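Quick look at run.cif (mmCIF, C-alpha atoms):
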data_entry
#
loop_
_atom_site.label_atom_id
_atom_site.label_comp_id
_atom_site.auth_asym_id
_atom_site.auth_seq_id
_atom_site.Cartn_x
_atom_site.Cartn_y
_atom_site.Cartn_z
CA MET A 1 9.17 3.96 -40.60
CA SER A 2 5.86 4.97 -42.17
CA SER A 3 4.56 8.53 -42.03
CA SER A 4 1.86 7.45 -39.56
CA THR A 5 4.38 6.02 -37.05
CA PRO A 6 5.18 9.38 -35.37
CA ILE A 7 1.44 10.10 -35.13
CA ARG A 8 0.79 6.70 -33.50
CA ILE A 9 3.64 7.25 -31.05
CA PHE A 10 2.25 10.69 -30.19
CA VAL A 11 -1.24 9.22 -29.60
CA LEU A 12 0.27 6.47 -27.44
CA LEU A 13 2.20 9.01 -25.36
CA ARG A 14 -0.90 11.19 -24.92
CA ALA A 15 -2.95 8.17 -23.87
CA ALA A 16 -0.28 7.13 -21.37
CA LEU A 17 -0.09 10.66 -19.94
CA TYR A 18 -3.86 11.10 -19.61
CA SER A 19 -4.32 7.62 -18.16
CA ALA A 20 -1.56 8.21 -15.62
CA GLY A 21 -3.21 11.50 -14.65
CA PHE A 22 -6.54 9.74 -14.13
CA VAL A 23 -4.89 7.07 -11.95
CA ILE A 24 -3.03 9.70 -9.92
CA LEU A 25 -6.24 11.68 -9.37
CA TRP A 26 -8.14 8.66 -8.03
CA TRP A 27 -5.13 7.50 -5.98
CA TRP A 28 -4.98 10.96 -4.40
CA LEU A 29 -8.73 10.86 -3.67
CA ALA A 30 -8.38 7.38 -2.14
CA VAL A 31 -5.55 8.58 0.11
CA SER A 32 -7.61 11.65 1.01
CA VAL A 33 -10.62 9.65 2.23
CA ARG A 34 -8.59 7.19 4.34
CA PRO A 35 -8.73 9.44 7.46
CA PHE A 36 -12.52 8.93 7.49
CA ASP A 37 -11.89 5.28 8.41
CA ALA A 38 -11.17 6.41 12.00
CA TRP A 39 -14.67 7.94 12.26
CA LEU A 40 -16.47 4.80 11.13
CA THR A 41 -17.89 2.35 13.65
CA PHE A 42 -16.76 -0.71 11.71
CA THR A 43 -13.63 -2.10 10.09
CA LEU A 44 -13.00 -4.67 7.40
CA PRO A 45 -11.89 -8.12 8.52
CA VAL A 46 -8.22 -8.80 7.90
CA TRP A 47 -9.01 -11.88 5.79
CA VAL A 48 -10.62 -9.73 3.02
CA ARG A 49 -7.46 -7.76 2.35
CA PRO A 50 -5.69 -10.33 0.14
CA LEU A 51 -8.92 -10.73 -1.87
CA GLY A 52 -8.37 -7.16 -3.09
CA TRP A 53 -5.65 -8.35 -5.47
CA VAL A 54 -8.25 -10.02 -7.69
CA PRO A 55 -10.36 -6.95 -8.60
CA LEU A 56 -7.31 -4.67 -8.54
CA LEU A 57 -5.30 -6.71 -11.06
CA ALA A 58 -8.33 -7.65 -13.18
CA GLY A 59 -9.44 -4.02 -13.28
CA ALA A 60 -5.97 -2.78 -14.19
CA LEU A 61 -5.61 -5.32 -17.01
CA PHE A 62 -9.11 -4.56 -18.28
CA ALA A 63 -8.40 -0.80 -18.27
CA LEU A 64 -5.11 -1.33 -20.13
CA TRP A 65 -6.92 -3.43 -22.75
CA CYS A 66 -9.42 -0.58 -23.17
CA ILE A 67 -6.71 2.07 -23.50
CA SER A 68 -4.79 0.04 -26.06
CA THR A 69 -8.01 -0.51 -28.03
CA PHE A 70 -8.71 3.23 -28.04
CA VAL A 71 -5.18 3.95 -29.25
CA THR A 72 -4.89 1.23 -31.89
CA ARG A 73 -8.45 1.05 -33.22
CA GLY A 74 -9.90 4.42 -32.34
CA ARG A 75 -6.78 6.50 -32.99
CA GLY A 76 -7.36 8.51 -29.82
CA THR A 77 -7.15 8.48 -26.06
CA PRO A 78 -9.52 7.80 -23.13
CA ALA A 79 -9.64 11.51 -22.26
CA PRO A 80 -12.99 13.18 -23.04
CA PHE A 81 -11.11 16.18 -24.44
CA ASP A 82 -9.03 13.95 -26.77
CA PRO A 83 -11.41 11.10 -27.69
CA PRO A 84 -10.88 8.42 -30.33
CA ARG A 85 -11.33 9.64 -33.91
CA GLU A 86 -13.02 6.38 -34.93
CA PHE A 87 -16.02 4.70 -33.32
CA VAL A 88 -14.74 1.80 -31.17
CA ALA A 89 -16.97 -1.27 -30.75
CA VAL A 90 -14.31 -3.98 -30.67
CA GLY A 91 -12.17 -5.60 -27.98
CA PRO A 92 -13.74 -5.08 -24.56
CA TYR A 93 -16.22 -2.60 -26.05
CA ARG A 94 -17.84 -5.46 -27.92
CA TYR A 95 -19.24 -6.79 -24.63
CA VAL A 96 -19.94 -3.69 -22.51
CA ARG A 97 -20.09 0.01 -23.38
CA ASN A 98 -18.00 1.32 -20.48
CA PRO A 99 -15.33 -1.26 -19.74
CA MET A 100 -12.65 1.28 -18.85
CA TYR A 101 -14.79 2.64 -16.04
CA ILE A 102 -15.49 -0.90 -14.85
CA GLY A 103 -11.74 -1.53 -14.81
CA GLY A 104 -11.19 1.67 -12.82
CA PHE A 105 -13.82 0.57 -10.31
CA GLY A 106 -12.02 -2.78 -9.95
CA VAL A 107 -8.74 -1.01 -9.22
CA LEU A 108 -10.32 1.33 -6.68
CA PHE A 109 -12.43 -1.38 -5.02
CA GLY A 110 -9.48 -3.80 -4.91
CA GLY A 111 -7.25 -1.09 -3.49
CA GLY A 112 -9.85 -0.40 -0.80
CA LEU A 113 -9.92 -4.08 0.17
CA LEU A 114 -6.11 -4.31 0.18
CA ALA A 115 -5.88 -1.24 2.41
CA GLY A 116 -8.69 -2.51 4.63
CA SER A 117 -10.38 0.86 4.12
CA PRO A 118 -14.18 1.15 4.23
CA SER A 119 -13.81 4.78 3.14
CA VAL A 120 -12.00 3.80 -0.06
CA LEU A 121 -14.66 1.16 -0.73
CA GLY A 122 -17.28 3.89 -0.33
CA LEU A 123 -15.31 6.10 -2.71
CA ALA A 124 -15.36 3.27 -5.26
CA PHE A 125 -19.17 3.32 -5.20
CA VAL A 126 -19.26 7.13 -5.38
CA TYR A 127 -16.97 6.76 -8.44
CA LEU A 128 -19.57 4.47 -10.05
CA ILE A 129 -22.42 6.87 -9.36
CA LEU A 130 -20.49 9.85 -10.73
CA LEU A 131 -19.47 7.94 -13.83
CA HIS A 132 -23.00 6.71 -14.40
CA LEU A 133 -24.17 10.33 -14.39
CA LEU A 134 -21.31 11.38 -16.69
CA VAL A 135 -22.09 8.59 -19.14
CA TRP A 136 -25.86 9.14 -19.08
CA LEU A 137 -25.86 12.96 -19.20
CA TYR A 138 -22.79 13.72 -21.32
CA GLU A 139 -21.02 10.82 -23.02
CA GLU A 140 -23.98 9.00 -24.56
CA PRO A 141 -25.60 12.14 -26.04
CA SER A 142 -22.20 13.27 -27.30
CA LEU A 143 -21.48 9.90 -28.94
CA GLU A 144 -24.94 9.82 -30.52
CA SER A 145 -24.29 13.26 -31.95
CA ARG A 146 -20.82 12.31 -33.27
CA PHE A 147 -21.52 8.82 -34.62
CA GLY A 148 -25.31 8.75 -35.22
CA ASP A 149 -27.00 5.50 -36.21
CA PRO A 150 -23.95 3.22 -35.74
CA TYR A 151 -23.75 4.34 -32.11
CA ARG A 152 -27.51 3.99 -31.59
CA ARG A 153 -27.37 0.40 -32.92
CA TYR A 154 -24.37 -0.31 -30.69
CA LYS A 155 -26.20 1.17 -27.70
CA SER A 156 -29.20 -1.08 -28.26
CA ALA A 157 -27.01 -4.19 -28.64
CA VAL A 158 -24.45 -3.66 -25.84
CA HIS A 159 -25.31 -2.89 -22.21
CA ARG A 160 -23.93 0.17 -20.46
CA TRP A 161 -22.52 -1.67 -17.41
CA LEU A 162 -23.26 -5.40 -17.50
CA PRO A 163 -21.30 -7.47 -20.02
CA ARG A 164 -23.22 -9.37 -22.67
CA PHE A 165 -20.98 -12.09 -23.94
CA HIS A 166 -22.76 -12.55 -27.24
CA GLY A 167 -21.25 -9.21 -28.32
CA LEU A 168 -22.16 -7.54 -31.55
CA ALA A 169 -23.53 -9.51 -34.46
#
Step by step, read the file and then write its structure as C-alpha cells.
Amino acid sequence: MSSSTPIRIFVLLRAALYSAGFVILWWWLAVSVRPFDAWLTFTLPVWVRPLGWVPLLAGALFALWCISTFVTRGRGTPAPFDPPREFVAVGPYRYVRNPMYIGGFGVLFGGGLLAGSPSVLGLAFVYLILLHLLVWLYEEPSLESRFGDPYRRYKSAVHRWLPRFHGLA
C-alpha cells in the first residue's frame, strides 16, 4: 500500500459523504413540494411515468462519472468547500463545464416523472435556475481566480450547459 492510498481513500469517503448529503437534500426538497400537486389544476398522464427511468438513470450515472473524475483526477470532492485540488477538464468535463449539475437535473426530473409530480418537475427547473446563478456568480469567478488562463481557455472551448462533442483540442 503506497503512502497516498490512505489519502485517496479519505478523499473517496469525503466525496461519497458529500454526494450522499446533496442527494438527501434534494430528495427531501422533492418530497416537501409533493403536497403542492394537490393545488395544481393539472396532472401528468400515467404513460409518462415509466419514461422517468431514462433521465433518472442517465443522470445518476453521469453524476457518478463526474464524482469519480473529481476524486481520481482532481484529488477532491464535488463540494464547493472541499473542491478538487487539480483543474479537471477530462472525462465528462471535456464536453460540458457542469455535467454533475446536469446529472442532478436528470435525477430530479426523472424522479418527478416517475412520481407523476408536476411540483417535482417544477422543482427540477428551479434547481437549474439556482445552479445557473451559482455557477455564473460564484463558481466561474472562483475558478478563474484559482486556475487563471487554463480555466479561461477551457471556458471558451467548452459550453456551460450544452455538450460540445468535439471536446478540448
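Taking only C-alpha atoms into account, Arg14 (chain A) lies nearest to A:Phe70 out of the set A:Phe36, A:Phe62, A:Phe70, A:Phe105.
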* Output the residue selection produced by the PyMOL selection byres ((chain A and resi 156) around 12) on the file above, formatted as a list in words. =>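 So the PyMOL selection byres ((chain A and resi 156) around 12) ends up selecting Val96, Arg97, Glu140, Glu144, Asp149, Pro150, Tyr151, Arg152, Arg153, Tyr154, Lys155, Ala157, Val158, His159, Arg160, Arg164, Gly167, Leu168 and Ala169 of chain A.
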* Structure fact -> CA of Ala16 (chain A) sits from CA of Pro99 (chain A) at a separation of 17.3 Å
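Going from CA of Tyr101 (chain A) to CA of Ile129 (chain A) covers 11.0 Å.
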* To do: Find the spatial neighbours of Gly103 (chain A), counting all atoms listed in the file, within a cut-off of 10 Å - ignore same-chain residues fewer than 4 positions away - and output them as a list in words.
  =>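 After dropping sequence-adjacent residues, the list is Pro55, Leu56, Leu57, Ala58, Gly59, Ala60, Leu61, Phe62, Ala63, Leu64, Trp65, Cys66, Asn98, Pro99, Val107, Leu108 and Phe109 of chain A.
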* Hey, which of A:Tyr95, A:Leu44, A:Leu25, A:Thr69 ends up closest to Leu121 (chain A)? Count only C-alpha atoms. -> A:Leu44
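Interatomic distance, CA of Ala89 (chain A) to CA of Arg146 (chain A): 14.3 Å.
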* Asked: Between A:Gly122, A:Arg75, A:Gly21, A:Pro163, which has the minimum distance to Thr5 (chain A) (counting all atoms listed in the file)?
  ->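 Comparing A:Gly122, A:Arg75, A:Gly21, A:Pro163 against Thr5 (chain A), the winner is A:Arg75.
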* Asked: Which one of A:Leu114, A:Val54, A:Leu131, A:Leu143 sits closest to Val88 (chain A) if you count all atoms listed in the file?
  ->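 Of A:Leu114, A:Val54, A:Leu131, A:Leu143, the one nearest Val88 (chain A) is A:Leu143, counting all atoms listed in the file.
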